[in-house]
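Below is structure04.tsv, holding TSV, C-alpha atoms (C1' of nucleotides).
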chain	number	residue	atom	x	y	z
A	1130	MET	CA	0.00	0.00	0.00
A	1131	ALA	CA	0.98	3.55	-0.51
A	1132	TRP	CA	-0.23	3.91	3.03
A	1133	ALA	CA	2.86	2.84	4.87
A	1134	GLY	CA	2.18	5.99	6.84
A	1135	LEU	CA	0.66	9.38	6.69
A	1136	SER	CA	3.69	11.03	8.08
A	1137	TRP	CA	5.21	12.05	4.81
A	1138	LEU	CA	2.10	13.93	3.87
A	1139	VAL	CA	1.76	15.39	7.28
A	1140	ASP	CA	5.28	16.64	7.08
A	1141	VAL	CA	4.78	18.16	3.73
A	1142	CYS	CA	1.71	19.92	4.93
A	1143	PHE	CA	3.45	21.30	7.95
A	1144	THR	CA	6.23	22.51	5.75
A	1145	LEU	CA	3.82	24.30	3.52
A	1146	GLU	CA	2.21	25.84	6.48
A	1147	ALA	CA	5.54	26.94	7.83
A	1148	CYS	CA	6.21	28.66	4.53
A	1149	GLY	CA	3.09	30.68	5.03
A	1150	MET	CA	1.62	29.24	1.90
A	1151	THR	CA	-1.53	27.84	3.35
A	1152	ARG	CA	-3.79	30.82	3.30
A	1153	SER	CA	-4.46	33.98	1.48
A	1154	HIS	CA	-3.79	32.81	-2.06
A	1155	ARG	CA	-7.09	32.31	-3.73
A	1156	ARG	CA	-5.79	30.46	-6.71
A	1157	GLU	CA	-2.11	30.19	-7.19
A	1158	ILE	CA	-2.09	27.76	-10.04
A	1159	GLU	CA	-4.72	27.13	-12.64
A	1160	LEU	CA	-4.43	23.85	-14.45
A	1161	GLY	CA	-6.73	22.12	-16.85
A	1162	ASP	CA	-7.48	18.44	-16.67
A	1163	ALA	CA	-5.02	17.41	-19.32
A	1164	GLU	CA	-2.32	19.52	-17.80
A	1165	LEU	CA	-2.90	17.97	-14.45
A	1166	GLU	CA	-2.85	14.50	-15.88
A	1167	ILE	CA	0.48	15.11	-17.48
A	1168	LEU	CA	1.86	16.71	-14.37
A	1169	LYS	CA	0.74	13.67	-12.46
A	1170	ALA	CA	2.58	11.42	-14.86
A	1171	LEU	CA	5.64	13.50	-14.24
A	1172	TRP	CA	5.28	13.16	-10.50
A	1173	GLU	CA	5.11	9.43	-10.91
A	1174	THR	CA	7.95	8.95	-13.32
A	1175	GLY	CA	10.24	11.56	-11.94
A	1176	PRO	CA	12.17	13.67	-14.44
A	1177	ALA	CA	11.28	12.49	-17.93
A	1178	THR	CA	11.30	13.37	-21.58
A	1179	VAL	CA	8.23	14.05	-23.65
A	1180	ARG	CA	8.31	10.54	-24.98
A	1181	GLU	CA	8.63	9.00	-21.58
A	1182	VAL	CA	5.68	10.93	-20.30
A	1183	MET	CA	3.73	9.94	-23.36
A	1184	ASN	CA	4.52	6.30	-22.83
A	1185	ARG	CA	3.70	6.53	-19.19
A	1186	LEU	CA	0.27	7.90	-20.03
A	1187	ARG	CA	-0.36	5.12	-22.49
A	1188	GLU	CA	0.74	2.44	-20.09
A	1189	THR	CA	-1.03	3.61	-16.99
A	1190	SER	CA	-4.17	5.23	-18.30
A	1191	GLY	CA	-4.39	3.82	-21.78
A	1192	ARG	CA	-4.34	7.44	-22.84
A	1193	GLU	CA	-3.17	7.87	-26.43
A	1194	LEU	CA	-1.94	11.37	-27.00
A	1195	ALA	CA	0.09	12.69	-29.89
A	1196	TYR	CA	3.68	13.42	-29.11
A	1197	THR	CA	3.17	17.08	-29.78
A	1198	THR	CA	0.15	17.21	-27.53
A	1199	VAL	CA	2.22	16.07	-24.62
A	1200	GLN	CA	4.94	18.43	-25.62
A	1201	THR	CA	2.65	21.42	-25.91
A	1202	THR	CA	1.14	20.66	-22.55
A	1203	LEU	CA	4.51	20.32	-20.91
A	1204	THR	CA	5.56	23.61	-22.43
A	1205	ARG	CA	2.46	25.26	-21.07
A	1206	LEU	CA	3.15	23.76	-17.68
A	1207	GLU	CA	6.62	25.20	-17.89
A	1208	LYS	CA	5.24	28.61	-18.74
A	1209	LYS	CA	3.05	28.34	-15.66
A	1210	GLY	CA	6.03	27.49	-13.54
A	1211	CYS	CA	4.94	23.98	-12.72
A	1212	VAL	CA	7.78	22.17	-14.43
A	1213	THR	CA	11.29	22.95	-15.57
A	1214	SER	CA	13.13	21.56	-18.53
A	1215	ARG	CA	16.76	21.15	-19.37
A	1216	LYS	CA	18.90	19.25	-21.78
A	1217	ALA	CA	20.38	16.14	-20.31
A	1218	ALA	CA	23.45	14.56	-21.84
A	1219	ASP	CA	22.06	11.07	-21.53
A	1220	SER	CA	18.82	11.63	-23.35
A	1221	GLY	CA	19.98	12.65	-26.76
A	1222	GLN	CA	18.74	16.08	-27.63
A	1223	ALA	CA	15.47	15.58	-25.87
A	1224	HIS	CA	14.60	17.91	-23.04
A	1225	VAL	CA	14.08	16.41	-19.66
A	1226	PHE	CA	11.14	17.81	-17.78
A	1227	ARG	CA	10.93	17.86	-14.04
A	1228	ALA	CA	7.98	18.73	-11.85
A	1229	LYS	CA	8.59	21.91	-9.93
A	1230	VAL	CA	5.46	21.92	-7.81
A	1231	SER	CA	4.46	19.10	-5.54
A	1232	ARG	CA	1.33	17.11	-5.67
A	1233	GLU	CA	0.44	18.47	-2.27
A	1234	ARG	CA	0.83	22.01	-3.43
A	1235	ILE	CA	-1.58	21.46	-6.27
A	1236	SER	CA	-3.90	19.50	-4.11
A	1237	GLN	CA	-3.98	22.26	-1.61
A	1238	SER	CA	-4.46	24.93	-4.17
A	1239	ARG	CA	-7.47	23.11	-5.55
A	1240	LEU	CA	-8.92	22.30	-2.18
A	1241	ARG	CA	-8.61	25.89	-1.15
A	1242	ALA	CA	-10.43	27.00	-4.26
A	1243	LEU	CA	-13.13	24.48	-3.57
A	1244	LEU	CA	-13.50	25.66	-0.02
A	1245	GLU	CA	-13.80	29.26	-1.04
A	1246	GLN	CA	-16.15	28.56	-3.87
A	1247	LEU	CA	-18.49	26.26	-2.04
A	1248	TYR	CA	-18.27	26.89	1.65
A	1249	ASP	CA	-16.85	30.37	2.08
A	1250	GLY	CA	-13.56	28.90	3.17
A	1251	SER	CA	-14.77	26.61	5.89
A	1252	ALA	CA	-13.04	23.27	5.64
A	1253	ALA	CA	-15.12	21.14	7.93
A	1254	PRO	CA	-17.96	20.46	5.51
A	1255	LEU	CA	-15.53	19.11	2.98
A	1256	VAL	CA	-13.88	16.84	5.47
A	1257	VAL	CA	-17.25	15.59	6.50
A	1258	GLN	CA	-18.24	15.00	2.96
A	1259	LEU	CA	-15.09	13.12	2.20
A	1260	MET	CA	-15.42	10.99	5.25
A	1261	GLU	CA	-19.02	10.20	4.56
A	1262	THR	CA	-18.93	9.51	0.86
A	1263	GLU	CA	-15.58	7.90	0.39
A	1264	ARG	CA	-14.45	4.55	1.60
A	1265	PHE	CA	-11.64	4.11	4.04
A	1266	THR	CA	-9.79	1.07	5.07
A	1267	PRO	CA	-9.66	0.28	8.77
A	1268	ASP	CA	-6.03	1.29	8.72
A	1269	GLU	CA	-6.84	4.63	7.28
A	1270	ILE	CA	-9.51	5.15	9.87
A	1271	VAL	CA	-6.99	4.53	12.59
A	1272	GLN	CA	-4.65	7.02	10.99
A	1273	LEU	CA	-7.38	9.58	10.78
A	1274	GLN	CA	-8.24	9.02	14.38
A	1275	SER	CA	-4.75	9.75	15.48
A	1276	LEU	CA	-4.64	12.83	13.33
A	1277	ILE	CA	-7.78	14.13	14.93
A	1278	GLU	CA	-6.34	13.51	18.33
A	1279	ARG	CA	-3.35	15.50	17.30
A	1280	LEU	CA	-5.58	18.34	16.14
A	1281	ASP	CA	-7.34	18.11	19.43
A	1282	ASP	CA	-4.09	18.38	21.34
A	1283	VAL	CA	-3.16	21.47	19.42
A	1284	ALA	CA	-6.52	23.00	20.16
A	1285	VAL	CA	-6.21	22.20	23.83
A	1286	ASN	CA	-2.72	23.63	23.99
A	1287	LYS	CA	-3.86	26.79	22.38
A	1288	LYS	CA	-6.65	27.12	24.84
A	1289	LYS	CA	-4.25	26.64	27.73
A	1290	LYS	CA	-1.87	29.18	26.34
A	1291	GLY	CA	-4.66	31.63	25.78
A	1292	LYS	CA	-5.78	31.24	29.34
A	1293	GLY	CA	-2.48	31.02	31.13
A	1294	GLY	CA	-0.50	33.60	29.13
B	758	MET	CA	-22.51	29.52	13.36
B	759	ALA	CA	-23.59	27.49	10.44
B	760	TRP	CA	-22.30	24.62	12.48
B	761	ALA	CA	-25.33	23.93	14.56
B	762	GLY	CA	-24.67	20.36	13.54
B	763	LEU	CA	-23.18	18.22	10.89
B	764	SER	CA	-26.21	16.06	10.67
B	765	TRP	CA	-27.76	17.77	7.69
B	766	LEU	CA	-24.66	17.24	5.66
B	767	VAL	CA	-24.30	13.73	6.86
B	768	ASP	CA	-27.84	13.03	5.82
B	769	VAL	CA	-27.35	14.48	2.42
B	770	CYS	CA	-24.27	12.43	1.93
B	771	PHE	CA	-25.97	9.27	2.99
B	772	THR	CA	-28.77	10.04	0.62
B	773	LEU	CA	-26.36	10.49	-2.22
B	774	GLU	CA	-24.73	7.28	-1.33
B	775	ALA	CA	-28.07	5.51	-1.27
B	776	CYS	CA	-28.70	6.77	-4.78
B	777	GLY	CA	-25.55	5.07	-5.90
B	778	MET	CA	-24.11	8.35	-6.93
B	779	THR	CA	-20.98	8.24	-4.96
B	780	ARG	CA	-18.68	6.34	-7.22
B	781	SER	CA	-18.06	5.57	-10.81
B	782	HIS	CA	-18.89	8.93	-12.31
B	783	ARG	CA	-15.69	10.60	-13.21
B	784	ARG	CA	-17.08	14.01	-13.81
B	785	GLU	CA	-20.77	14.49	-13.81
B	786	ILE	CA	-20.86	18.22	-13.96
B	787	GLU	CA	-18.30	20.60	-15.33
B	788	LEU	CA	-18.59	24.15	-14.13
B	789	GLY	CA	-16.33	27.10	-14.55
B	790	ASP	CA	-15.53	29.47	-11.76
B	791	ALA	CA	-18.05	32.10	-12.73
B	792	GLU	CA	-20.73	29.51	-13.18
B	793	LEU	CA	-20.04	28.11	-9.78
B	794	GLU	CA	-20.07	31.53	-8.21
B	795	ILE	CA	-23.46	32.25	-9.64
B	796	LEU	CA	-24.79	28.87	-8.67
B	797	LYS	CA	-23.57	29.55	-5.17
B	798	ALA	CA	-25.44	32.82	-5.09
B	799	LEU	CA	-28.51	30.91	-6.12
B	800	TRP	CA	-28.04	28.39	-3.32
B	801	GLU	CA	-27.83	31.24	-0.88
B	802	THR	CA	-30.74	33.30	-2.09
B	803	GLY	CA	-33.03	30.49	-2.98
B	804	PRO	CA	-35.05	30.86	-6.17
B	805	ALA	CA	-34.27	34.22	-7.71
B	806	THR	CA	-34.38	36.29	-10.84
B	807	VAL	CA	-31.38	37.37	-12.82
B	808	ARG	CA	-31.47	40.74	-11.17
B	809	GLU	CA	-31.67	39.32	-7.72
B	810	VAL	CA	-28.70	37.10	-8.34
B	811	MET	CA	-26.82	40.02	-9.76
B	812	ASN	CA	-27.55	42.12	-6.70
B	813	ARG	CA	-26.61	39.30	-4.43
B	814	LEU	CA	-23.25	39.02	-6.10
B	815	ARG	CA	-22.65	42.71	-5.75
B	816	GLU	CA	-23.65	42.78	-2.11
B	817	THR	CA	-21.81	39.71	-0.90
B	818	SER	CA	-18.71	39.60	-3.08
B	819	GLY	CA	-18.57	43.11	-4.44
B	820	ARG	CA	-18.68	41.43	-7.80
B	821	GLU	CA	-19.96	43.75	-10.52
B	822	LEU	CA	-21.27	41.79	-13.43
B	823	ALA	CA	-23.39	43.00	-16.31
B	824	TYR	CA	-26.98	41.88	-16.20
B	825	THR	CA	-26.55	39.88	-19.36
B	826	THR	CA	-23.46	38.20	-18.04
B	827	VAL	CA	-25.41	36.82	-15.15
B	828	GLN	CA	-28.19	35.90	-17.49
B	829	THR	CA	-25.94	34.10	-19.94
B	830	THR	CA	-24.34	32.19	-17.15
B	831	LEU	CA	-27.67	31.17	-15.67
B	832	THR	CA	-28.80	30.03	-19.08
B	833	ARG	CA	-25.69	27.94	-19.45
B	834	LEU	CA	-26.26	26.48	-16.04
B	835	GLU	CA	-29.75	25.62	-17.14
B	836	LYS	CA	-28.45	23.93	-20.24
B	837	LYS	CA	-26.19	21.89	-18.02
B	838	GLY	CA	-29.10	20.88	-15.87
B	839	CYS	CA	-27.90	22.68	-12.78
B	840	VAL	CA	-30.78	25.13	-12.53
B	841	THR	CA	-34.32	25.37	-13.78
B	842	SER	CA	-36.23	28.47	-14.71
B	843	ARG	CA	-39.87	29.29	-14.87
B	844	LYS	CA	-42.05	32.32	-15.03
B	845	ALA	CA	-43.45	33.35	-11.71
B	846	ALA	CA	-46.53	35.48	-11.51
B	847	ASP	CA	-45.10	37.67	-8.80
B	848	SER	CA	-41.93	38.67	-10.55
B	849	GLY	CA	-43.22	40.46	-13.60
B	850	GLN	CA	-42.05	38.75	-16.72
B	851	ALA	CA	-38.71	37.84	-15.22
B	852	HIS	CA	-37.78	34.21	-15.05
B	853	VAL	CA	-37.15	32.77	-11.67
B	854	PHE	CA	-34.17	30.49	-11.50
B	855	ARG	CA	-33.87	27.72	-9.00
B	856	ALA	CA	-30.87	25.56	-8.25
B	857	LYS	CA	-31.46	21.99	-9.26
B	858	VAL	CA	-28.29	20.46	-7.93
B	859	SER	CA	-27.20	20.73	-4.35
B	860	ARG	CA	-24.04	22.20	-3.07
B	861	GLU	CA	-23.10	18.80	-1.79
B	862	ARG	CA	-23.56	17.25	-5.16
B	863	ILE	CA	-21.21	19.73	-6.75
B	864	SER	CA	-18.82	19.50	-3.91
B	865	GLN	CA	-18.71	15.79	-4.24
B	866	SER	CA	-18.30	15.86	-7.97
B	867	ARG	CA	-15.32	18.15	-7.62
B	868	LEU	CA	-13.80	16.23	-4.79
B	869	ARG	CA	-14.11	13.04	-6.72
B	870	ALA	CA	-12.37	14.61	-9.69
B	871	LEU	CA	-9.64	15.82	-7.42
B	872	LEU	CA	-9.21	12.41	-5.91
B	873	GLU	CA	-8.94	10.74	-9.26
B	874	GLN	CA	-6.65	13.32	-10.70
B	875	LEU	CA	-4.27	13.55	-7.82
B	876	TYR	CA	-4.40	10.40	-5.79
B	877	ASP	CA	-5.83	7.72	-8.03
B	878	GLY	CA	-9.09	7.86	-6.14
B	879	SER	CA	-7.81	7.42	-2.64
B	880	ALA	CA	-9.54	9.84	-0.32
B	881	ALA	CA	-7.41	9.62	2.74
B	882	PRO	CA	-4.60	11.88	1.56
B	883	LEU	CA	-7.06	14.63	0.89
B	884	VAL	CA	-8.65	14.32	4.28
B	885	VAL	CA	-5.24	14.43	5.82
B	886	GLN	CA	-4.31	17.45	3.86
B	887	LEU	CA	-7.47	19.25	4.80
B	888	MET	CA	-7.06	18.43	8.43
B	889	GLU	CA	-3.47	19.52	8.47
B	890	THR	CA	-3.64	22.72	6.50
B	891	GLU	CA	-6.98	24.10	7.44
B	892	ARG	CA	-8.10	25.44	10.76
B	893	PHE	CA	-10.85	23.91	12.78
B	894	THR	CA	-12.68	25.16	15.77
B	895	PRO	CA	-12.74	22.95	18.85
B	896	ASP	CA	-16.39	22.29	18.13
B	897	GLU	CA	-15.62	21.10	14.67
B	898	ILE	CA	-12.91	18.87	16.01
B	899	VAL	CA	-15.39	17.26	18.31
B	900	GLN	CA	-17.76	16.74	15.43
B	901	LEU	CA	-15.05	15.20	13.35
B	902	GLN	CA	-14.14	12.92	16.19
B	903	SER	CA	-17.62	11.59	16.44
B	904	LEU	CA	-17.77	11.11	12.71
B	905	ILE	CA	-14.63	9.07	12.79
B	906	GLU	CA	-16.04	6.95	15.54
B	907	ARG	CA	-19.05	6.40	13.41
B	908	LEU	CA	-16.88	5.37	10.48
B	909	ASP	CA	-15.10	3.08	12.81
B	910	ASP	CA	-18.36	1.50	13.89
B	911	VAL	CA	-19.39	0.94	10.32
B	912	ALA	CA	-16.10	-0.72	9.60
B	913	VAL	CA	-16.47	-2.95	12.60
B	914	ASN	CA	-20.03	-3.86	11.68
B	915	LYS	CA	-19.02	-4.73	8.18
B	916	LYS	CA	-16.36	-6.97	9.48
B	917	LYS	CA	-18.86	-8.71	11.71
B	918	LYS	CA	-21.40	-9.09	8.95
B	919	GLY	CA	-18.77	-10.40	6.57
B	920	LYS	CA	-17.88	-13.03	9.11
B	921	GLY	CA	-21.30	-13.96	10.35
B	922	GLY	CA	-22.90	-14.15	6.87
C	390	DG	C1'	26.72	12.55	-48.19
C	391	DC	C1'	21.89	10.76	-48.12
C	392	DT	C1'	18.04	8.91	-45.56
C	393	DG	C1'	15.26	7.88	-41.80
C	394	DT	C1'	14.21	8.93	-37.14
C	395	DC	C1'	13.57	11.74	-33.37
C	396	DC	C1'	13.32	16.21	-31.39
C	397	DT	C1'	11.97	21.21	-30.93
C	398	DC	C1'	9.43	25.15	-32.32
C	399	DC	C1'	5.51	27.29	-34.20
C	400	DG	C1'	1.06	27.59	-35.79
C	401	DA	C1'	-3.59	26.03	-35.95
C	402	DC	C1'	-8.22	25.06	-34.66
C	403	DA	C1'	-12.34	23.67	-32.09
C	404	DG	C1'	-14.82	23.88	-27.83
C	405	DA	C1'	-15.52	25.88	-23.26
C	406	DT	C1'	-15.79	29.89	-20.48
C	407	DG	C1'	-16.05	34.83	-19.02
C	408	DT	C1'	-18.04	38.86	-20.26
C	409	DA	C1'	-21.09	41.87	-22.43
C	410	DG	C1'	-23.79	44.46	-26.20
C	411	DT	C1'	-27.99	44.80	-29.14
C	412	DA	C1'	-32.66	43.85	-30.78
C	413	DG	C1'	-37.13	43.07	-29.90
C	414	DA	C1'	-41.04	41.89	-26.67
C	415	DT	C1'	-43.57	43.20	-22.45
C	416	DT	C1'	-45.38	46.12	-19.15
C	417	DG	C1'	-46.36	50.19	-16.22
C	418	DC	C1'	-47.53	54.87	-16.41
C	419	DC	C1'	-48.99	59.46	-18.17
D	923	DG	C1'	-51.35	55.49	-27.69
D	924	DG	C1'	-46.64	56.45	-26.68
D	925	DC	C1'	-42.48	56.46	-23.72
D	926	DA	C1'	-39.36	54.47	-20.43
D	927	DA	C1'	-37.88	50.56	-17.92
D	928	DT	C1'	-37.06	45.82	-17.90
D	929	DC	C1'	-36.74	41.32	-19.57
D	930	DT	C1'	-35.42	37.56	-22.90
D	931	DA	C1'	-32.96	35.86	-26.78
D	932	DC	C1'	-29.28	36.03	-29.76
D	933	DT	C1'	-24.79	37.25	-31.03
D	934	DA	C1'	-20.04	38.42	-30.25
D	935	DC	C1'	-15.47	38.07	-28.87
D	936	DA	C1'	-11.23	37.26	-26.19
D	937	DT	C1'	-8.87	33.80	-23.64
D	938	DC	C1'	-7.86	29.26	-22.13
D	939	DT	C1'	-7.50	24.49	-22.95
D	940	DG	C1'	-7.11	20.13	-25.54
D	941	DT	C1'	-5.33	18.40	-29.44
D	942	DC	C1'	-2.46	17.98	-33.23
D	943	DG	C1'	0.30	18.77	-37.85
D	944	DG	C1'	4.24	20.51	-40.36
D	945	DA	C1'	8.88	22.71	-40.94
D	946	DG	C1'	13.31	22.34	-39.95
D	947	DG	C1'	17.49	20.84	-37.08
D	948	DA	C1'	20.46	16.96	-35.15
D	949	DC	C1'	22.17	12.43	-35.30
D	950	DA	C1'	22.85	7.28	-36.53
D	951	DG	C1'	23.68	4.06	-40.14
D	952	DC	C1'	24.58	2.83	-44.85

Output the structure of this file as structure tokens.
Amino acid sequence: MAWAGLSWLVDVCFTLEACGMTRSHRREIELGDAELEILKALWETGPATVREVMNRLRETSGRELAYTTVQTTLTRLEKKGCVTSRKAADSGQAHVFRAKVSRERISQSRLRALLEQLYDGSAAPLVVQLMETERFTPDEIVQLQSLIERLDDVAVNKKKKGKGG
Amino acid sequence: MAWAGLSWLVDVCFTLEACGMTRSHRREIELGDAELEILKALWETGPATVREVMNRLRETSGRELAYTTVQTTLTRLEKKGCVTSRKAADSGQAHVFRAKVSRERISQSRLRALLEQLYDGSAAPLVVQLMETERFTPDEIVQLQSLIERLDDVAVNKKKKGKGG
DNA sequence: GCTGTCCTCCGACAGATGTAGTAGATTGCC
DNA sequence: GGCAATCTACTACATCTGTCGGAGGACAGC
């Protein structure tokens, strides 16, 4: 399972938060579906050429895109600052593209937009909705439980601080 | 607060689930940002005319849109099956628009898309991300805790049922 | 050196979306 | 009956996105 632990994600999220990137930006990055799909392929493969991304799409999603379609999309992603490209000696003259934004960053950007658009920024309804409509494995439920406890601790600490200090 | 309880949302979600609408549809409804904003206004006002929606947008978001812009968007929403319109006796000749899809439905559709696009359909990472990066009030945390317990119960019951027949 | 292959760059085009103007019907009022 | 306000319907247009083709450069093999 990709669920060896939530910690990696938790860490990433904390990092983002530490960078002050969690609030205030309504919509940092706007990506279409195809762009996102290709970016996802790039996350999964790691740095890759146009052809590698194209193959990856075919193999994993059965998606048949023209070489130039992938290329155009990668170029647009580069223009948006989501990927970088450079020439690598070991890949002929083909450019190697590398994702510059993380999956979590995109995820957060989209979630934020969703929150603003649907619930005036309040996150709880979305969490509820996710928990109610999606399936979770028992393991995941345990993980979520511990996360909530952690949230709870933070809340309690804050309250203490607020009172005592 | 709008958080008198989560139960309404929970109910809606269960209803959706009962309708078999929770999985399998990749992308039922595609809405742009402006469309969503106007649909949101309609959720908030209840059935309303073009002008009322327009005013609502100005008052709540400071959004200044031309009358016809709102109208066009509402018409497009109607074509997409998200709203209905009819002539009401008490509103002159103006059509009264009414939201036909719920906020939760849209929310779910978008969340689902996000899940598929980013995490191959696995919901847990999104929940984690939301819980880590967004703020929750102590009350909300309590609510979430009880939800998790409920999830936990369901999981346990399933296990029992699976065993017992 | 020619040819085939692969790559990059550029241009193209259709559909969706955001935004709005205009024409013509309807209605209230003098 | 005519004018002003308001509404609907239609049209328009720029931008973004998805998708791709063709021109031309680089390189491997004959």

* Asked: Hey, what's within 9 Å of segment 923-939 of chain D if we count only C-alpha atoms (C1' of nucleotides) and toss same-chain stuff fewer than 5 positions away? As JSON, numbers by chain, please?
  -> {"A": [1161, 1162, 1163, 1164], "B": [849, 850, 851, 852], "C": [404, 405, 406, 407, 409, 410, 411, 412, 413, 414, 415, 416, 417]}

* Residues of chain B near chain A: apply a cut-off of 7 Å, count all atoms listed in the file, and supply the list as an NGL selection string. => :B and (767 or 770 or 774 or 779 or 794 or 797 or 860 or 874-875 or 880-881 or 884 or 886-887 or 889-891 or 895 or 897-898 or 902 or 905 or 909 or 912)

* To do: Could you list, as a ChimeraX atom specification, the residues of chain C having an atom within 12 Å of chain A when counting only C-alpha atoms (C1' of nucleotides)?
  => /C:395-400,405

File of the preceding selection, C-alpha atoms (C1' of nucleotides), as a PDB file, keeping the file's coordinate frame:
ATOM      1  C1'  DC C 395      13.570  11.740 -33.370  1.00  0.00           C
ATOM      2  C1'  DC C 396      13.320  16.210 -31.390  1.00  0.00           C
ATOM      3  C1'  DT C 397      11.970  21.210 -30.930  1.00  0.00           C
ATOM      4  C1'  DC C 398       9.430  25.150 -32.320  1.00  0.00           C
ATOM      5  C1'  DC C 399       5.510  27.290 -34.200  1.00  0.00           C
ATOM      6  C1'  DG C 400       1.060  27.590 -35.790  1.00  0.00           C
ATOM      7  C1'  DA C 405     -15.520  25.880 -23.260  1.00  0.00           C
TER       8       DA C 405
END

* Could you work out how far atom CA of Thr826 of chain B lies from atom CA of Ser842 of chain B, giving the answer in Å with one decimal? ->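 Separating atom CA of Ser842 of chain B from atom CA of Thr826 of chain B is a distance of 16.4 Å.
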
* To do: Quick one: residues within 6 Å of (13.9, 20.2, -13.4) (file frame), counting only C-alpha atoms (C1' of nucleotides), please, as a ChimeraX atom specification.
  => /A:1213-1214,1226-1227

* To do: Could you tell me how far atom CA of Met1183 of chain A lies from atom CA of Val1199 of chain A, in Å and to one decimal?
  =>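 Separation of atom CA of Met1183 of chain A and atom CA of Val1199 of chain A: 6.4 Å.
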
List as JSON lines every residue of chain D that is in contact with chain A, defined as an atom at most 8 Å from one of its atoms (using only C-alpha atoms (C1' of nucleotides)), together with the nearest atom pair and the distance in Å rounded to one decimal, sorted by chain and then rising number.
{"residue": "D:DT939", "atom": "C1'", "partner": "A:Gly1161", "partner_atom": "CA", "distance": 6.6}
{"residue": "D:DG940", "atom": "C1'", "partner": "A:Ala1163", "partner_atom": "CA", "distance": 7.1}
{"residue": "D:DT941", "atom": "C1'", "partner": "A:Thr1198", "partner_atom": "CA", "distance": 5.9}
{"residue": "D:DC942", "atom": "C1'", "partner": "A:Thr1198", "partner_atom": "CA", "distance": 6.3}
{"residue": "D:DA948", "atom": "C1'", "partner": "A:Gln1222", "partner_atom": "CA", "distance": 7.8}

* In Å, with one decimal, what is the gap from atom CA of Gly1210 of chain A to atom CA of Val1230 of chain A? ->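 So the two atoms, atom CA of Gly1210 of chain A and atom CA of Val1230 of chain A, lie 8.0 Å apart.
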
Write out as a compact mmCIF listing (two decimals) with C-alpha atoms, keeping the file's coordinate frame each polymer residue whose atoms come within 10 Å of Glu801 of chain B, counting only C-alpha atoms (C1' of nucleotides); drop sequence neighbours fewer than 5 positions from it.
# COMPACT_ATOMS: atom_id res chain seq x y z
CA ILE B 795 -23.46 32.25 -9.64
CA LEU B 796 -24.79 28.87 -8.67
CA VAL B 810 -28.70 37.10 -8.34
CA ARG B 813 -26.61 39.30 -4.43
CA ALA B 856 -30.87 25.56 -8.25

Draw an axis-aligned box tight on the listed atoms of segment 407-413 of chain C, then pad every side by 4 Å and write out centre and edge lengths in Å to one decimal as JSON.
{"center_x": -26.6, "center_y": 39.8, "center_z": -24.9, "size_x": 29.1, "size_y": 18.0, "size_z": 19.8}
